[in-house]
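J.: I'm passing along structure-v2.cif; it holds mmCIF, C-alpha atoms.
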```cif
data_data
#
loop_
_atom_site.group_PDB
_atom_site.id
_atom_site.type_symbol
_atom_site.label_atom_id
_atom_site.label_comp_id
_atom_site.auth_asym_id
_atom_site.auth_seq_id
_atom_site.Cartn_x
_atom_site.Cartn_y
_atom_site.Cartn_z
ATOM 1 C CA MET O 1 -7.407 49.975 21.279
ATOM 2 C CA LYS O 2 -7.183 53.522 19.968
ATOM 3 C CA LYS O 3 -8.761 54.993 23.087
ATOM 4 C CA TRP O 4 -5.912 53.578 25.154
ATOM 5 C CA LEU O 5 -3.164 55.081 23.015
ATOM 6 C CA PRO O 6 -3.367 58.601 24.482
ATOM 7 C CA ALA O 7 -3.236 57.195 28.002
ATOM 8 C CA VAL O 8 -0.251 54.965 27.189
ATOM 9 C CA GLY O 9 1.494 57.832 25.421
ATOM 10 C CA GLY O 10 0.844 60.111 28.367
ATOM 11 C CA ALA O 11 2.213 57.553 30.813
ATOM 12 C CA LEU O 12 5.364 57.073 28.757
ATOM 13 C CA ALA O 13 5.872 60.820 28.472
ATOM 14 C CA ALA O 14 5.416 61.193 32.233
ATOM 15 C CA ALA O 15 7.899 58.389 32.912
ATOM 16 C CA ALA O 16 10.403 59.947 30.526
ATOM 17 C CA GLY O 17 10.005 63.324 32.170
ATOM 18 C CA LEU O 18 10.470 61.800 35.602
ATOM 19 C CA GLY O 19 13.510 59.836 34.431
ATOM 20 C CA VAL O 20 15.160 62.973 33.086
ATOM 21 C CA PHE O 21 14.282 64.892 36.257
ATOM 22 C CA LEU O 22 15.722 62.203 38.540
ATOM 23 C CA THR O 23 19.005 61.879 36.658
ATOM 24 C CA ASN O 24 19.339 65.656 36.438
ATOM 25 C CA GLN O 25 19.308 65.813 40.236
ATOM 26 C CA PHE O 26 22.681 64.115 40.552
ATOM 27 C CA MET O 27 24.201 64.719 37.106
ATOM 28 C CA TYR O 28 23.893 68.466 37.678
ATOM 29 C CA LEU O 29 24.060 68.575 41.469
ATOM 30 C CA LYS O 30 24.501 72.199 42.522
ATOM 31 C CA LYS O 31 28.150 72.984 43.213
ATOM 32 C CA LYS O 32 29.426 75.111 46.078
ATOM 33 C CA ASP O 33 30.465 78.617 45.123
ATOM 34 C CA GLU O 34 34.245 78.724 44.624
ATOM 35 C CA HIS O 35 34.603 81.948 46.602
ATOM 36 C CA VAL O 36 32.658 80.367 49.481
ATOM 37 C CA ILE O 37 35.025 77.359 49.475
ATOM 38 C CA LEU O 38 38.043 79.657 49.468
ATOM 39 C CA GLN O 39 36.766 81.759 52.366
ATOM 40 C CA ARG O 40 35.710 78.662 54.319
ATOM 41 C CA GLU O 41 39.186 77.160 54.117
ATOM 42 C CA ILE O 42 40.879 80.456 54.993
ATOM 43 C CA SER O 43 38.535 81.167 57.912
ATOM 44 C CA ALA O 44 39.067 77.670 59.330
ATOM 45 C CA GLY O 45 42.830 78.149 59.174
ATOM 46 C CA ARG O 46 43.237 75.228 56.796
ATOM 47 C CA LEU O 47 44.500 77.456 53.974
ATOM 48 C CA LYS O 48 47.110 80.166 54.461
ATOM 49 C CA LEU O 49 47.330 81.920 51.125
ATOM 50 C CA GLU O 50 50.797 83.377 51.669
ATOM 51 C CA GLU O 51 52.215 79.956 52.458
ATOM 52 C CA TYR O 52 50.413 78.321 49.548
ATOM 53 C CA ASN O 53 51.468 81.037 47.102
ATOM 54 C CA ALA O 54 55.100 80.626 48.202
ATOM 55 C CA LEU O 55 55.170 76.918 47.362
ATOM 56 C CA PRO O 56 57.002 75.921 44.169
ATOM 57 C CA LYS O 57 54.290 74.715 41.817
ATOM 58 C CA GLU O 58 53.071 74.588 38.258
ATOM 59 C CA GLU O 59 49.545 74.912 36.916
ATOM 60 C CA VAL O 60 48.904 72.266 34.281
ATOM 61 C CA SER O 61 46.117 71.534 31.776
ATOM 62 C CA ILE O 62 45.796 67.785 31.233
ATOM 63 C CA PRO O 63 43.733 66.559 28.255
ATOM 64 C CA SER O 64 40.824 64.379 29.347
ATOM 65 C CA PRO O 65 40.022 61.378 27.123
ATOM 66 C CA PHE O 66 36.550 62.925 26.884
ATOM 67 C CA GLY O 67 37.641 66.077 25.103
ATOM 68 C CA TYR O 68 38.061 68.746 27.778
ATOM 69 C CA ASP O 69 40.925 69.970 29.936
ATOM 70 C CA ILE O 70 41.546 68.851 33.514
ATOM 71 C CA LYS O 71 43.048 71.689 35.549
ATOM 72 C CA ALA O 72 45.745 70.519 37.951
ATOM 73 C CA VAL O 73 48.482 71.982 40.110
ATOM 74 C CA PHE O 74 51.751 70.106 40.586
ATOM 75 C CA VAL O 75 53.276 71.196 43.909
ATOM 76 C CA HIS O 76 56.903 70.166 44.494
ATOM 77 C CA PRO O 77 58.657 71.676 47.517
ATOM 78 C CA ASN O 78 60.329 68.428 48.603
ATOM 79 C CA PRO O 79 63.328 66.566 47.159
ATOM 80 C CA GLY O 80 62.901 63.019 45.987
ATOM 81 C CA ASN O 81 60.236 61.382 43.865
ATOM 82 C CA LYS O 82 57.326 60.794 46.237
ATOM 83 C CA TYR O 83 53.913 62.209 45.283
ATOM 84 C CA MET O 84 50.305 62.243 46.409
ATOM 85 C CA ILE O 85 47.338 62.800 44.094
ATOM 86 C CA PHE O 86 44.172 64.215 45.686
ATOM 87 C CA CYS O 87 40.587 63.646 44.516
ATOM 88 C CA HIS O 88 37.981 65.998 46.006
ATOM 89 C CA GLY O 89 34.284 65.313 46.569
ATOM 90 C CA VAL O 90 31.277 66.334 44.505
ATOM 91 C CA THR O 91 30.343 70.059 44.724
ATOM 92 C CA GLU O 92 33.868 70.925 45.968
ATOM 93 C CA ASN O 93 37.050 71.818 44.057
ATOM 94 C CA LYS O 94 40.809 71.418 44.420
ATOM 95 C CA LEU O 95 40.953 74.036 47.203
ATOM 96 C CA ASN O 96 39.256 71.473 49.441
ATOM 97 C CA SER O 97 42.219 69.139 48.865
ATOM 98 C CA LEU O 98 44.836 71.580 50.139
ATOM 99 C CA LYS O 99 44.409 70.632 53.799
ATOM 100 C CA TYR O 100 45.256 67.025 52.920
ATOM 101 C CA MET O 101 48.073 68.221 50.674
ATOM 102 C CA ASN O 102 49.656 70.094 53.587
ATOM 103 C CA LEU O 103 49.479 66.967 55.715
ATOM 104 C CA PHE O 104 51.518 65.030 53.156
ATOM 105 C CA LEU O 105 53.917 67.860 52.290
ATOM 106 C CA LYS O 106 55.000 67.732 55.941
ATOM 107 C CA ARG O 107 55.748 64.045 55.444
ATOM 108 C CA GLY O 108 58.091 64.575 52.517
ATOM 109 C CA PHE O 109 55.661 64.075 49.650
ATOM 110 C CA ASN O 110 55.028 66.368 46.722
ATOM 111 C CA ALA O 111 51.475 66.727 45.473
ATOM 112 C CA VAL O 112 49.039 66.924 42.595
ATOM 113 C CA VAL O 113 45.696 68.590 43.243
ATOM 114 C CA TYR O 114 43.135 68.861 40.471
ATOM 115 C CA ASP O 115 39.516 69.692 39.700
ATOM 116 C CA HIS O 116 37.172 66.885 38.693
ATOM 117 C CA ARG O 117 35.139 67.303 35.523
ATOM 118 C CA ARG O 118 32.405 69.962 35.850
ATOM 119 C CA HIS O 119 34.140 71.364 38.933
ATOM 120 C CA GLY O 120 36.494 74.269 39.473
ATOM 121 C CA GLU O 121 38.423 75.097 36.326
ATOM 122 C CA SER O 122 38.028 71.719 34.599
ATOM 123 C CA GLY O 123 35.699 71.094 31.682
ATOM 124 C CA GLY O 124 32.964 68.506 31.374
ATOM 125 C CA LYS O 125 29.207 68.950 31.553
ATOM 126 C CA THR O 126 28.032 66.320 34.050
ATOM 127 C CA SER O 127 29.102 64.660 37.271
ATOM 128 C CA SER O 128 29.257 60.879 36.828
ATOM 129 C CA TYR O 129 30.335 59.835 40.350
ATOM 130 C CA GLY O 130 33.405 57.989 39.202
ATOM 131 C CA PHE O 131 32.451 56.634 35.776
ATOM 132 C CA PHE O 132 34.130 59.299 33.646
ATOM 133 C CA GLU O 133 36.156 60.652 36.559
ATOM 134 C CA LYS O 134 38.134 57.421 36.931
ATOM 135 C CA GLN O 135 39.485 57.841 33.392
ATOM 136 C CA ASP O 136 40.329 61.478 34.142
ATOM 137 C CA LEU O 137 42.241 60.239 37.183
ATOM 138 C CA LYS O 138 44.180 57.898 34.896
ATOM 139 C CA ALA O 139 45.042 60.907 32.722
ATOM 140 C CA VAL O 140 46.388 62.690 35.827
ATOM 141 C CA VAL O 141 48.401 59.594 36.802
ATOM 142 C CA ASP O 142 49.768 59.333 33.259
ATOM 143 C CA GLU O 143 50.865 62.970 33.382
ATOM 144 C CA LEU O 144 52.610 62.425 36.719
ATOM 145 C CA ILE O 145 54.477 59.415 35.326
ATOM 146 C CA ARG O 146 55.352 61.315 32.141
ATOM 147 C CA ARG O 147 56.895 64.078 34.228
ATOM 148 C CA GLN O 148 58.520 62.054 37.005
ATOM 149 C CA GLY O 149 59.297 58.756 35.333
ATOM 150 C CA GLU O 150 58.126 55.186 35.826
ATOM 151 C CA ASP O 151 59.917 54.963 39.169
ATOM 152 C CA VAL O 152 57.773 57.658 40.797
ATOM 153 C CA TYR O 153 56.408 56.463 44.154
ATOM 154 C CA PHE O 154 52.884 57.767 44.701
ATOM 155 C CA GLY O 155 49.638 57.348 46.562
ATOM 156 C CA ILE O 156 46.128 58.622 45.914
ATOM 157 C CA HIS O 157 43.839 60.186 48.524
ATOM 158 C CA GLY O 158 40.145 60.564 47.806
ATOM 159 C CA GLU O 159 37.289 62.113 49.747
ATOM 160 C CA SER O 160 33.643 61.052 49.283
ATOM 161 C CA MET O 161 32.992 60.925 45.501
ATOM 162 C CA GLY O 162 36.745 61.339 45.081
ATOM 163 C CA ALA O 163 37.306 58.229 47.203
ATOM 164 C CA ALA O 164 34.798 56.249 45.133
ATOM 165 C CA THR O 165 36.449 57.523 41.936
ATOM 166 C CA MET O 166 39.837 56.403 43.228
ATOM 167 C CA LEU O 167 38.554 52.915 44.114
ATOM 168 C CA LEU O 168 36.846 52.556 40.725
ATOM 169 C CA TYR O 169 40.106 53.580 39.057
ATOM 170 C CA ALA O 170 42.143 51.085 41.088
ATOM 171 C CA GLY O 171 39.625 48.273 40.719
ATOM 172 C CA SER O 172 38.642 48.604 37.056
ATOM 173 C CA VAL O 173 41.191 50.759 35.188
ATOM 174 C CA GLU O 174 44.645 50.122 36.670
ATOM 175 C CA ASP O 175 45.972 49.411 40.143
ATOM 176 C CA ARG O 176 48.915 51.728 39.446
ATOM 177 C CA ALA O 177 49.406 53.687 42.680
ATOM 178 C CA ASP O 178 51.533 52.292 45.483
ATOM 179 C CA PHE O 179 48.735 52.857 48.004
ATOM 180 C CA TYR O 180 45.305 54.444 48.391
ATOM 181 C CA ILE O 181 43.474 56.357 51.123
ATOM 182 C CA ALA O 182 39.676 56.249 50.849
ATOM 183 C CA ASP O 183 37.955 58.808 53.071
ATOM 184 C CA CYS O 184 34.152 58.334 53.418
ATOM 185 C CA PRO O 185 33.370 56.566 50.114
ATOM 186 C CA TYR O 186 30.018 55.041 49.204
ATOM 187 C CA SER O 187 30.128 51.323 48.488
ATOM 188 C CA ASP O 188 27.140 51.277 46.141
ATOM 189 C CA PHE O 189 25.836 54.411 44.442
ATOM 190 C CA GLY O 190 22.345 52.978 43.937
ATOM 191 C CA GLU O 191 22.002 52.189 47.637
ATOM 192 C CA GLN O 192 23.376 55.628 48.491
ATOM 193 C CA LEU O 193 20.793 57.217 46.198
ATOM 194 C CA LEU O 194 18.029 55.124 47.754
ATOM 195 C CA TYR O 195 19.179 56.161 51.233
ATOM 196 C CA ARG O 196 19.241 59.867 50.305
ATOM 197 C CA MET O 197 15.783 59.586 48.725
ATOM 198 C CA SER O 198 14.410 58.078 51.935
ATOM 199 C CA LYS O 199 15.840 60.997 53.926
ATOM 200 C CA GLU O 200 15.000 63.855 51.567
ATOM 201 C CA VAL O 201 11.770 62.769 49.848
ATOM 202 C CA LYS O 202 10.463 60.950 52.941
ATOM 203 C CA LEU O 203 8.199 58.759 50.825
ATOM 204 C CA PRO O 204 8.594 55.014 50.211
ATOM 205 C CA VAL O 205 9.096 55.541 46.470
ATOM 206 C CA GLY O 206 12.833 54.994 46.143
ATOM 207 C CA LYS O 207 12.636 51.369 45.001
ATOM 208 C CA VAL O 208 10.244 52.410 42.240
ATOM 209 C CA LEU O 209 12.250 55.448 41.161
ATOM 210 C CA LEU O 210 15.668 53.780 41.317
ATOM 211 C CA PRO O 211 15.151 51.473 38.299
ATOM 212 C CA LEU O 212 13.813 54.448 36.352
ATOM 213 C CA ALA O 213 16.872 56.505 37.249
ATOM 214 C CA ASP O 214 19.103 53.561 36.300
ATOM 215 C CA LEU O 215 17.412 53.214 32.903
ATOM 216 C CA PHE O 216 17.670 56.896 32.035
ATOM 217 C CA LEU O 217 21.237 57.104 33.257
ATOM 218 C CA LYS O 218 22.100 54.364 30.780
ATOM 219 C CA LEU O 219 20.151 56.052 27.984
ATOM 220 C CA ARG O 220 21.592 59.508 28.610
ATOM 221 C CA GLU O 221 25.176 58.841 29.719
ATOM 222 C CA GLY O 222 25.946 55.262 28.722
ATOM 223 C CA TYR O 223 26.487 53.728 32.158
ATOM 224 C CA ASN O 224 24.320 52.371 34.960
ATOM 225 C CA LEU O 225 24.367 52.550 38.728
ATOM 226 C CA ARG O 226 26.385 49.356 39.124
ATOM 227 C CA ASP O 227 29.151 50.913 37.027
ATOM 228 C CA ILE O 228 29.699 53.544 39.719
ATOM 229 C CA SER O 229 29.648 51.217 42.708
ATOM 230 C CA PRO O 230 33.071 50.460 44.258
ATOM 231 C CA ARG O 231 31.582 47.317 45.808
ATOM 232 C CA SER O 232 31.696 45.664 42.379
ATOM 233 C CA VAL O 233 35.455 46.167 41.895
ATOM 234 C CA ILE O 234 36.984 46.415 45.389
ATOM 235 C CA GLU O 235 38.180 42.796 45.349
ATOM 236 C CA ASN O 236 40.348 43.589 42.298
ATOM 237 C CA ILE O 237 42.536 46.066 44.210
ATOM 238 C CA GLU O 238 45.800 44.454 45.298
ATOM 239 C CA LYS O 239 47.647 47.521 46.605
ATOM 240 C CA PRO O 240 47.178 48.647 50.248
ATOM 241 C CA VAL O 241 44.125 50.750 51.117
ATOM 242 C CA LEU O 242 43.506 52.829 54.231
ATOM 243 C CA PHE O 243 39.762 53.267 54.752
ATOM 244 C CA ILE O 244 38.576 56.255 56.808
ATOM 245 C CA HIS O 245 35.081 57.264 57.938
ATOM 246 C CA SER O 246 33.592 59.264 60.782
ATOM 247 C CA ILE O 247 31.067 57.286 62.785
ATOM 248 C CA PRO O 248 28.494 60.141 63.090
ATOM 249 C CA ASP O 249 28.396 60.626 59.278
ATOM 250 C CA ASP O 250 24.701 60.570 58.382
ATOM 251 C CA TYR O 251 25.124 61.471 54.694
ATOM 252 C CA ILE O 252 27.153 58.427 53.647
ATOM 253 C CA LEU O 253 26.939 55.830 56.398
ATOM 254 C CA ALA O 254 30.105 54.405 57.941
ATOM 255 C CA SER O 255 28.738 50.910 57.295
ATOM 256 C CA MET O 256 29.535 51.452 53.601
ATOM 257 C CA THR O 257 33.224 51.875 54.386
ATOM 258 C CA GLN O 258 33.078 48.846 56.693
ATOM 259 C CA GLU O 259 31.661 46.801 53.814
ATOM 260 C CA LEU O 260 34.437 47.909 51.455
ATOM 261 C CA PHE O 261 37.076 47.163 54.079
ATOM 262 C CA ASP O 262 35.645 43.682 54.629
ATOM 263 C CA LYS O 263 35.614 42.928 50.883
ATOM 264 C CA LYS O 264 39.130 44.255 50.202
ATOM 265 C CA ASN O 265 41.711 41.489 49.844
ATOM 266 C CA GLY O 266 45.303 41.810 50.990
ATOM 267 C CA ARG O 267 46.815 44.702 52.915
ATOM 268 C CA LYS O 268 44.327 47.164 54.355
ATOM 269 C CA LYS O 269 43.696 49.342 57.384
ATOM 270 C CA LEU O 270 40.571 50.915 58.876
ATOM 271 C CA PHE O 271 40.203 54.110 60.883
ATOM 272 C CA PHE O 272 36.821 55.143 62.259
ATOM 273 C CA ALA O 273 36.859 58.739 63.538
ATOM 274 C CA VAL O 274 34.782 59.435 66.635
ATOM 275 C CA ASN O 275 33.810 62.991 65.703
ATOM 276 C CA GLY O 276 32.530 64.741 62.607
ATOM 277 C CA LEU O 277 29.766 64.490 60.044
ATOM 278 C CA HIS O 278 30.347 63.801 56.358
ATOM 279 C CA ALA O 279 33.884 64.477 55.091
ATOM 280 C CA GLN O 280 34.848 65.963 58.446
ATOM 281 C CA SER O 281 37.066 63.165 59.777
ATOM 282 C CA TYR O 282 40.242 65.191 59.386
ATOM 283 C CA ASN O 283 38.745 68.534 60.414
ATOM 284 C CA GLU O 284 37.318 67.121 63.639
ATOM 285 C CA ASN O 285 39.964 64.497 64.532
ATOM 286 C CA LYS O 286 43.280 65.924 63.337
ATOM 287 C CA GLU O 287 45.621 64.111 65.738
ATOM 288 C CA GLU O 288 43.928 60.749 65.344
ATOM 289 C CA TYR O 289 43.693 61.170 61.565
ATOM 290 C CA GLU O 290 47.380 61.984 61.250
ATOM 291 C CA LYS O 291 48.281 59.071 63.514
ATOM 292 C CA ALA O 292 46.296 56.698 61.292
ATOM 293 C CA ILE O 293 48.052 58.129 58.226
ATOM 294 C CA ASP O 294 51.498 57.764 59.836
ATOM 295 C CA GLU O 295 50.880 54.167 60.892
ATOM 296 C CA PHE O 296 49.627 53.290 57.424
ATOM 297 C CA LEU O 297 52.550 54.995 55.667
ATOM 298 C CA GLU O 298 54.987 53.223 57.956
ATOM 299 C CA GLU O 299 53.480 49.835 57.116
ATOM 300 C CA VAL O 300 53.439 50.574 53.379
ATOM 301 C CA SER O 301 56.973 51.999 53.286
ATOM 302 C CA ALA O 302 58.300 48.993 55.222
ATOM 303 C CA VAL O 303 57.062 46.746 52.421
ATOM 304 C CA HIS O 304 58.352 49.031 49.638
ATOM 305 C CA HIS O 305 61.534 50.021 51.502
ATOM 306 C CA VAL O 306 60.757 53.706 50.904
ATOM 307 C CA SER O 307 62.363 56.345 53.104
#
```
Could you quickly redo this structure as structure tokens?
T.:
Amino acid sequence: MKKWLPAVGGALAAAAGLGVFLTNQFMYLKKKDEHVILQREISAGRLKLEEYNALPKEEVSIPSPFGYDIKAVFVHPNPGNKYMIFCHGVTENKLNSLKYMNLFLKRGFNAVVYDHRRHGESGGKTSSYGFFEKQDLKAVVDELIRRQGEDVYFGIHGESMGAATMLLYAGSVEDRADFYIADCPYSDFGEQLLYRMSKEVKLPVGKVLLPLADLFLKLREGYNLRDISPRSVIENIEKPVLFIHSIPDDYILASMTQELFDKKNGRKKLFFAVNGLHAQSYNENKEEYEKAIDEFLEEVSAVHHVS
């Protein structure tokens, strides 16, 4: 028996090391440089600093329930009490949300853009792909309601991880917004991870590594892969959802959005963009994207009698 103990101990140590390594890959996914994001948006013409700086706005620090500050900007150039909250994707920051903000400012909304935990100016040590972020989103919603009152009319727009975060919030925390727009979400984080492993590792090891990653995620952060899968909560969302995905997206497949659309009960709409890779539906299909938004807003406002 004793001669086996070193081998067993070595195997356990190796498994533990691999489990930590795997979870580190997505918990600490390398973020884009903030200056690079800024210059990208300016160069593409999606951000005009003079126009943005001229907007009436307020920078706000919102306490997260997890002990750090969420950095947000409340932008309010329009009269009335209509707002949009924007949730950016992993590795990005709130500057990436400004192009969507401008789209809705033109339609009479005011806006809240903010940095997810571990991104931009917000605190937090790890990315959790919606698990902790959904509670941070609730904190942002609570702050909006505190400022604007219970009668505030608002929607939430999310891109990629931000879209998954938004759906997890609506399906498992509170279905508080009047409508949601989910741009290129994953339906199941475990399946997304398995898909990325098959593309990047190019070895048939994903189904072996996935349970190990799931175990160590639970041990290290207190949640598992199912807890960050919108598929498990989408049927709980009663408010209208517009689902958006670009067909050529090879990072998160459009079939994931189709699945979420199919599972969503009640009012919903689906827009598949012809052009663009991941998170490029708006950048590569502006007219069609805005048309889909306008049609959705018209349907939602007709129900709520909002002008």
J.: Taking 3 positions as the minimum chain separation for residues in the same chain, which residues sit within 10 Å of O:Asp227 when counting only C-alpha atoms? Answer as a PyMOL selection string.
T.: chain O and resi 128-131+168+172+188-190+222-224+230-233
J.: Box in all listed atoms of stretch 22-34 of chain O, axis-aligned, with 5 Å more on each side; write out centre and edge lengths in Å to one decimal as JSON.
T.:
```
{"center_x": 25.0, "center_y": 70.3, "center_z": 41.3, "size_x": 28.5, "size_y": 26.8, "size_z": 19.6}
```
J.: I'd like to see the residues matched by the PyMOL selection byres ((chain O and resi 17-24) around 10) on this file, and ideally I'd get them as a PyMOL selection string.
T.: chain O and resi 11-16+25-29+126-127+209-217+219-221
J.: I'd like the contact shell of O:Lys32 - 9 Å cut-off, all atoms listed in the file, skipping same-chain residues fewer than 6 positions apart - returned as a list in words.
T.: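 That gives Thr91, Glu92 and Asn93 of chain O.
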J.: Using the chain letters and residue numbers of this document, give as number ranges by chain the residues selected by the PyMOL selection byres ((chain O and resi 286-300) around 9).
T.: O: 103, 107, 178-179, 181, 240-242, 244, 267-271, 273, 281-285, 301-306
J.: Between O:Arg118, O:His35, O:Arg46, O:Arg226, which has the minimum distance to O:Tyr100 (counting all atoms listed in the file)?
T.: O:Arg46
J.: Can you give me, as an NGL selection string, the residues this file yields under the PyMOL selection byres ((chain O and resi 162) around 12)?
T.: :O and (85-94 or 96-97 or 113-117 or 127-134 or 136-137 or 156-161 or 163-169 or 180-186 or 228 or 230 or 279)
J.: Find the distance between atom CA of O:Phe74 and atom CA of O:Leu49 and write it in Å to one decimal.
T.: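 Straight-line distance from atom CA of O:Phe74 to atom CA of O:Leu49 works out to 16.4 Å.
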J.: Using atom CA of O:Glu143 and atom CA of O:Ser64 as the two end points, give the distance in Å to one decimal.
T.: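 It comes out at 10.9 Å.
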J.: What is the atom CA of O:Glu174-atom CA of O:Glu238 distance in Å, reported with one decimal?
T.: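 Atom-to-atom, atom CA of O:Glu174 to atom CA of O:Glu238, that is 10.4 Å.
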J.: Identify, on the basis of only C-alpha atoms, every residue whose closest approach to O:Ile145 does not exceed 12 Å; exclude the query and any residue fewer than 4 positions from it along the same chain; express the result as a list in words.
T.: Asn81, Lys82, Tyr83, Ile85, Val112, Lys138, Ala139, Val140, Val141, Gly149, Glu150, Asp151, Val152, Tyr153, Phe154, Arg176 and Ala177 of chain O
J.: Choose the residue, out of O:Ser61, O:Gln135, O:Ser255, O:Ser122, that has the smallest atom-to-atom separation from O:Gln192; count only C-alpha atoms.
T.: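 Closest to O:Gln192, using only C-alpha atoms: O:Ser255.
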J.: Using only C-alpha atoms, which of the listed residues (O:Gly123, O:Gly266, O:Gly80, O:Pro248) sits closest to O:Pro65?
T.: O:Gly123
